[in-house]
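Structure below is query.txt: compact mmCIF, C-alpha atoms.
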```txt
# COMPACT_ATOMS: atom_id res chain seq x y z
CA MET A 1 0.00 0.00 0.00
CA ALA A 2 1.41 3.41 -0.98
CA ARG A 3 1.91 5.88 1.84
CA ARG A 4 0.15 9.19 1.66
CA PRO A 5 2.58 12.05 1.26
CA ARG A 6 3.09 14.04 4.44
CA ARG A 7 1.06 17.22 4.61
CA PRO A 8 3.24 20.31 4.64
CA GLN A 9 3.69 21.82 8.08
CA ARG A 10 5.60 24.95 7.03
CA ILE A 11 3.93 26.98 4.29
CA HIS A 12 5.10 30.35 2.95
CA ILE A 13 2.55 32.35 0.93
CA ILE A 14 3.73 35.37 -1.02
CA GLY A 15 1.84 37.77 -3.28
CA SER A 16 0.73 41.34 -3.82
CA VAL A 17 -1.85 43.36 -1.95
CA GLY A 18 -5.24 41.88 -2.87
CA SER A 19 -3.88 38.55 -4.11
CA GLY A 20 -5.69 36.55 -1.40
CA LYS A 21 -2.71 35.70 0.83
CA THR A 22 -4.43 36.32 4.15
CA THR A 23 -7.66 34.62 3.12
CA LEU A 24 -5.76 31.54 1.94
CA ALA A 25 -3.55 31.49 5.05
CA LYS A 26 -6.55 31.70 7.38
CA GLU A 27 -8.40 28.91 5.56
CA LEU A 28 -5.37 26.61 5.48
CA SER A 29 -4.63 27.41 9.12
CA LYS A 30 -8.12 26.42 10.18
CA LYS A 31 -8.29 23.23 8.11
CA LEU A 32 -4.72 22.04 8.73
CA LYS A 33 -4.66 23.23 12.36
CA ILE A 34 -1.43 25.16 11.81
CA PRO A 35 -0.92 28.69 13.17
CA HIS A 36 -0.65 31.45 10.59
CA TYR A 37 1.27 34.70 10.79
CA GLU A 38 0.94 37.89 8.76
CA LEU A 39 4.36 39.31 8.01
CA ASP A 40 2.90 42.83 8.29
CA GLN A 41 2.44 42.07 12.00
CA VAL A 42 6.15 41.28 12.20
CA VAL A 43 7.12 44.47 10.36
CA TRP A 44 4.76 46.78 12.24
CA ASN A 45 4.10 47.37 15.90
CA ARG A 46 0.38 48.21 16.05
CA THR A 47 -0.26 50.85 18.72
CA SER A 48 -3.31 52.88 19.71
CA HIS A 49 -1.53 55.91 18.23
CA GLY A 50 -0.87 54.26 14.88
CA ASP A 51 1.59 51.86 13.34
CA VAL A 52 5.27 52.08 14.18
CA ARG A 53 7.80 50.15 12.10
CA ASN A 54 9.72 47.62 14.18
CA SER A 55 13.49 47.84 14.13
CA LEU A 56 15.19 45.36 11.81
CA SER A 57 16.48 43.40 14.78
CA VAL A 58 12.99 43.10 16.34
CA ARG A 59 11.49 42.17 12.97
CA ASP A 60 14.14 39.53 12.31
CA GLU A 61 13.91 38.12 15.85
CA GLN A 62 10.13 37.73 15.56
CA PHE A 63 10.39 36.17 12.10
CA HIS A 64 13.06 33.69 13.16
CA ARG A 65 11.05 32.74 16.25
CA ILE A 66 8.10 31.88 13.98
CA ILE A 67 10.09 29.82 11.48
CA ALA A 68 11.94 27.98 14.26
CA SER A 69 8.68 26.26 15.22
CA ASP A 70 7.57 22.95 13.74
CA ALA A 71 4.45 24.21 11.99
CA TRP A 72 3.53 27.59 10.53
CA ILE A 73 1.92 29.41 7.69
CA VAL A 74 3.45 32.82 6.97
CA GLU A 75 2.09 35.21 4.41
CA GLY A 76 3.10 38.56 3.06
CA VAL A 77 4.38 40.57 0.16
CA HIS A 78 7.79 40.93 1.78
CA HIS A 79 10.62 39.22 -0.05
CA GLU A 80 13.88 41.00 0.74
CA TRP A 81 14.43 39.51 4.22
CA ILE A 82 12.49 36.21 4.29
CA TYR A 83 15.08 33.92 2.67
CA ASP A 84 15.52 31.77 5.80
CA GLY A 85 11.77 31.15 5.81
CA LEU A 86 11.86 30.08 2.17
CA ILE A 87 14.62 27.61 3.00
CA LYS A 88 12.64 26.10 5.91
CA ALA A 89 9.28 26.05 4.11
CA ASP A 90 7.90 22.70 2.96
CA ILE A 91 6.06 24.55 0.20
CA ILE A 92 6.08 28.09 -1.12
CA VAL A 93 2.95 29.47 -2.75
CA PHE A 94 3.26 32.50 -5.02
CA LEU A 95 -0.22 33.91 -5.65
CA ASP A 96 0.33 35.52 -9.04
CA VAL A 97 -3.17 36.98 -9.38
CA ARG A 98 -4.05 39.34 -12.26
CA MET A 99 -3.75 43.03 -11.45
CA LYS A 100 -7.36 43.68 -12.42
CA THR A 101 -8.52 41.14 -9.84
CA ARG A 102 -6.23 42.58 -7.17
CA ARG A 103 -7.52 46.12 -7.81
CA TRP A 104 -11.11 44.95 -7.41
CA ARG A 105 -10.28 43.14 -4.16
CA ILE A 106 -8.50 46.22 -2.75
CA TRP A 107 -11.55 48.36 -3.50
CA LYS A 108 -13.96 45.73 -2.11
CA ARG A 109 -11.91 45.35 1.09
CA TYR A 110 -11.87 49.11 1.59
CA MET A 111 -15.67 49.32 1.23
CA LYS A 112 -16.20 46.46 3.70
CA GLN A 113 -13.88 48.14 6.20
CA ILE A 114 -15.60 51.52 5.85
CA LEU A 115 -18.97 49.82 6.38
CA ARG A 116 -17.49 47.96 9.38
CA LEU A 117 -18.20 44.58 7.77
CA GLU A 118 -14.55 43.59 7.95
CA LYS A 119 -11.88 44.30 10.56
CA SER A 120 -8.37 45.42 9.77
CA HIS A 121 -5.14 46.04 11.63
CA TYR A 122 -5.04 49.61 10.33
CA ARG A 123 -7.53 52.45 10.09
CA ALA A 124 -9.21 52.38 6.68
CA SER A 125 -8.81 55.73 4.95
CA LEU A 126 -8.55 57.15 1.46
CA ARG A 127 -4.85 57.65 2.12
CA ILE A 128 -4.23 53.95 2.81
CA LEU A 129 -6.49 52.96 -0.10
CA ARG A 130 -4.37 55.09 -2.43
CA LYS A 131 -1.19 53.55 -0.99
CA MET A 132 -2.53 50.06 -1.67
CA PHE A 133 -3.11 50.91 -5.32
CA VAL A 134 0.41 52.36 -5.54
CA TRP A 135 1.90 49.28 -3.84
CA ASN A 136 -0.04 47.06 -6.23
CA GLN A 137 1.45 48.89 -9.21
CA GLN A 138 4.95 48.78 -7.71
CA PHE A 139 4.54 45.07 -7.09
CA GLU A 140 3.85 44.45 -10.77
CA LYS A 141 6.84 46.48 -11.99
CA GLU A 142 9.43 45.78 -9.29
CA SER A 143 8.61 43.12 -6.69
CA ARG A 144 7.09 40.47 -8.96
CA PRO A 145 10.24 40.10 -11.12
CA GLU A 146 12.43 40.09 -7.99
CA ILE A 147 10.27 37.42 -6.33
CA LEU A 148 10.27 35.21 -9.43
CA LYS A 149 14.06 35.45 -9.53
CA ILE A 150 14.36 34.51 -5.83
CA LEU A 151 11.93 31.59 -6.21
CA LYS A 152 13.99 29.96 -8.98
CA ALA A 153 16.27 28.59 -6.26
CA PHE A 154 13.23 26.87 -4.70
CA SER A 155 11.53 25.60 -7.85
CA GLN A 156 11.11 22.06 -6.44
CA LYS A 157 8.77 23.28 -3.71
CA THR A 158 7.24 26.42 -5.25
CA TRP A 159 3.73 26.60 -6.63
CA ILE A 160 3.05 29.64 -8.79
CA VAL A 161 -0.71 29.92 -9.17
CA THR A 162 -3.21 32.50 -10.37
CA SER A 163 -5.86 31.35 -7.91
CA SER A 164 -5.77 29.83 -4.43
CA GLU A 165 -8.25 27.11 -5.48
CA GLU A 166 -5.48 24.87 -6.88
CA ILE A 167 -3.62 25.02 -3.56
CA LYS A 168 -6.73 24.32 -1.50
CA LYS A 169 -7.63 21.29 -3.64
CA ALA A 170 -4.14 19.83 -3.28
CA LEU A 171 -3.67 20.46 0.43
CA LEU A 172 -7.16 19.97 1.78
CA LYS A 173 -8.25 16.78 -0.06
```

Write the structure described by the file as structure tokens, please.
Amino acid sequence: MARRPRRPQRIHIIGSVGSGKTTLAKELSKKLKIPHYELDQVVWNRTSHGDVRNSLSVRDEQFHRIIASDAWIVEGVHHEWIYDGLIKADIIVFLDVRMKTRRWRIWKRYMKQILRLEKSHYRASLRILRKMFVWNQQFEKESRPEILKILKAFSQKTWIVTSSEEIKKALLK
């Protein structure tokens, strides 16, 4: 009898704003019973007076504490400082979602937050909405090519997908 392949215990999800990283991470976390971590929460210290960027040493310490554990799902757009996590990951998921879809999701998320139908770690405002559209554009021109270059070294365990459905089918069957 063939043995079932071991389910991944360390999953790294990377993609642009609006690609579905957090939604996928939360769903996988719930179904696989693995804790998930948003890299934005590692980068930023959320205070009642607003967000303050953590020092690089605090950020790196928190990140390395997460990836030192046996099971985790991390997600974020960050790619310059997460190499150790890519090495330790059982699988890497790059959500390469079309820009048009990401723009719609950014707008939809903003409307839900304004209507208090969805919580966020930041205060929804037109300023942050504009920043998200700018970040989305920058991702397409700058970050996406950089990420694809980085992921070449991990091609054996990287899934580049345009939708999270393929990942969910494979991991949750």

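When CA of Ala124 in chain A is paired with CA of Arg59 in chain A, their separation reads 23.9 Å.
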
Q) Taking only C-alpha atoms into account, which of A:Glu140, A:Asp70, A:Asp51, A:Glu75 comes nearest Lys100 in chain A? A) A:Glu140

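Each of A:Lys157, A:Arg7, A:Arg53, A:Arg105 was compared to Lys21 in chain A using only C-alpha atoms, and A:Arg105 turns out to be the nearest.
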
Q: Would you mind reading off the distance between CA of Ser163 in chain A and CA of Val17 in chain A, one decimal, in Å?
A: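 CA of Ser163 in chain A sits 14.0 Å away from CA of Val17 in chain A.
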
Q) From the set A:Arg6, A:Lys88, A:Arg109, A:Lys168, which residue has the shortest atom-to-atom contact distance to Ser125 in chain A, counting only C-alpha atoms? A)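 Between A:Arg6, A:Lys88, A:Arg109, A:Lys168, the residue approaching Ser125 in chain A most closely is A:Arg109.
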
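Of the listed residues (A:Arg103, A:Arg98, A:His36, A:Arg123), A:Arg123 comes nearest to Gly50 in chain A; the distances count only C-alpha atoms.
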
Q: Considering all atoms listed in the file, return as a PyMOL selection string whatever protein or nucleic-acid residues lie within 10 Å of Pro8 in chain A, sequence-local ones (same chain, fewer than 2 positions apart) excluded.
A: chain A and resi 5-6+10-11+32+34+71-73+89-91+171

Q) Hey, can you pull every residue with an atom no more than 12 Å from (5.4, 37.9, 6.0), using only C-alpha atoms, and send it as a VMD selection string? A) chain A and resid 11 to 16 21 to 22 25 36 to 44 59 to 60 62 to 64 66 to 67 72 to 86

Using the partial input, fill out range 60-88 of chain A with N, CA and C atoms; write the result as a tab-separated table (two decimals), keeping the file's coordinate frame.
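So result.tsv came out as:
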```tsv
chain	number	residue	atom	x	y	z
A	60	ASP	N	13.45	40.79	12.60
A	60	ASP	CA	14.14	39.53	12.31
A	60	ASP	C	14.02	38.53	13.45
A	61	GLU	N	14.07	39.02	14.68
A	61	GLU	CA	13.91	38.12	15.85
A	61	GLU	C	12.52	37.48	15.84
A	62	GLN	N	11.49	38.28	15.60
A	62	GLN	CA	10.13	37.73	15.56
A	62	GLN	C	9.98	36.73	14.42
A	63	PHE	N	10.50	37.06	13.26
A	63	PHE	CA	10.39	36.17	12.10
A	63	PHE	C	11.10	34.85	12.37
A	64	HIS	N	12.31	34.92	12.90
A	64	HIS	CA	13.06	33.69	13.16
A	64	HIS	C	12.44	32.85	14.28
A	65	ARG	N	11.77	33.49	15.22
A	65	ARG	CA	11.05	32.74	16.25
A	65	ARG	C	9.91	31.94	15.61
A	66	ILE	N	9.21	32.56	14.67
A	66	ILE	CA	8.10	31.88	13.98
A	66	ILE	C	8.62	30.69	13.20
A	67	ILE	N	9.64	30.90	12.37
A	67	ILE	CA	10.09	29.82	11.48
A	67	ILE	C	10.91	28.75	12.20
A	68	ALA	N	11.25	29.00	13.46
A	68	ALA	CA	11.94	27.98	14.26
A	68	ALA	C	10.96	26.93	14.77
A	69	SER	N	9.67	27.22	14.74
A	69	SER	CA	8.68	26.26	15.22
A	69	SER	C	8.44	25.17	14.17
A	70	ASP	N	7.78	24.11	14.61
A	70	ASP	CA	7.57	22.95	13.74
A	70	ASP	C	6.51	23.16	12.66
A	71	ALA	N	5.55	24.03	12.94
A	71	ALA	CA	4.45	24.21	11.99
A	71	ALA	C	4.07	25.68	11.93
A	72	TRP	N	3.93	26.19	10.71
A	72	TRP	CA	3.53	27.59	10.53
A	72	TRP	C	3.09	27.84	9.09
A	73	ILE	N	2.28	28.86	8.99
A	73	ILE	CA	1.92	29.41	7.69
A	73	ILE	C	2.24	30.90	7.80
A	74	VAL	N	3.16	31.39	6.99
A	74	VAL	CA	3.45	32.82	6.97
A	74	VAL	C	2.99	33.36	5.63
A	75	GLU	N	2.53	34.59	5.66
A	75	GLU	CA	2.09	35.21	4.41
A	75	GLU	C	2.44	36.68	4.41
A	76	GLY	N	2.80	37.15	3.22
A	76	GLY	CA	3.10	38.56	3.06
A	76	GLY	C	3.66	38.84	1.69
A	77	VAL	N	3.80	40.11	1.41
A	77	VAL	CA	4.38	40.57	0.16
A	77	VAL	C	5.89	40.71	0.29
A	78	HIS	N	6.37	40.71	1.51
A	78	HIS	CA	7.79	40.93	1.78
A	78	HIS	C	8.65	39.82	1.17
A	79	HIS	N	9.76	40.22	0.56
A	79	HIS	CA	10.62	39.22	-0.05
A	79	HIS	C	12.11	39.50	0.13
A	80	GLU	N	12.46	40.65	0.63
A	80	GLU	CA	13.88	41.00	0.74
A	80	GLU	C	14.56	40.31	1.93
A	81	TRP	N	13.83	39.99	2.97
A	81	TRP	CA	14.43	39.51	4.22
A	81	TRP	C	13.87	38.16	4.70
A	82	ILE	N	13.17	37.43	3.86
A	82	ILE	CA	12.49	36.21	4.29
A	82	ILE	C	13.16	34.94	3.78
A	83	TYR	N	14.39	35.05	3.29
A	83	TYR	CA	15.08	33.92	2.67
A	83	TYR	C	15.14	32.69	3.59
A	84	ASP	N	15.45	32.90	4.87
A	84	ASP	CA	15.52	31.77	5.80
A	84	ASP	C	14.18	31.03	5.89
A	85	GLY	N	13.09	31.77	5.81
A	85	GLY	CA	11.77	31.15	5.81
A	85	GLY	C	11.52	30.33	4.56
A	86	LEU	N	12.01	30.83	3.42
A	86	LEU	CA	11.86	30.08	2.17
A	86	LEU	C	12.64	28.77	2.24
A	87	ILE	N	13.81	28.82	2.84
A	87	ILE	CA	14.62	27.61	3.00
A	87	ILE	C	13.88	26.59	3.86
A	88	LYS	N	13.30	27.02	4.97
A	88	LYS	CA	12.64	26.10	5.91
A	88	LYS	C	11.25	25.65	5.46
```
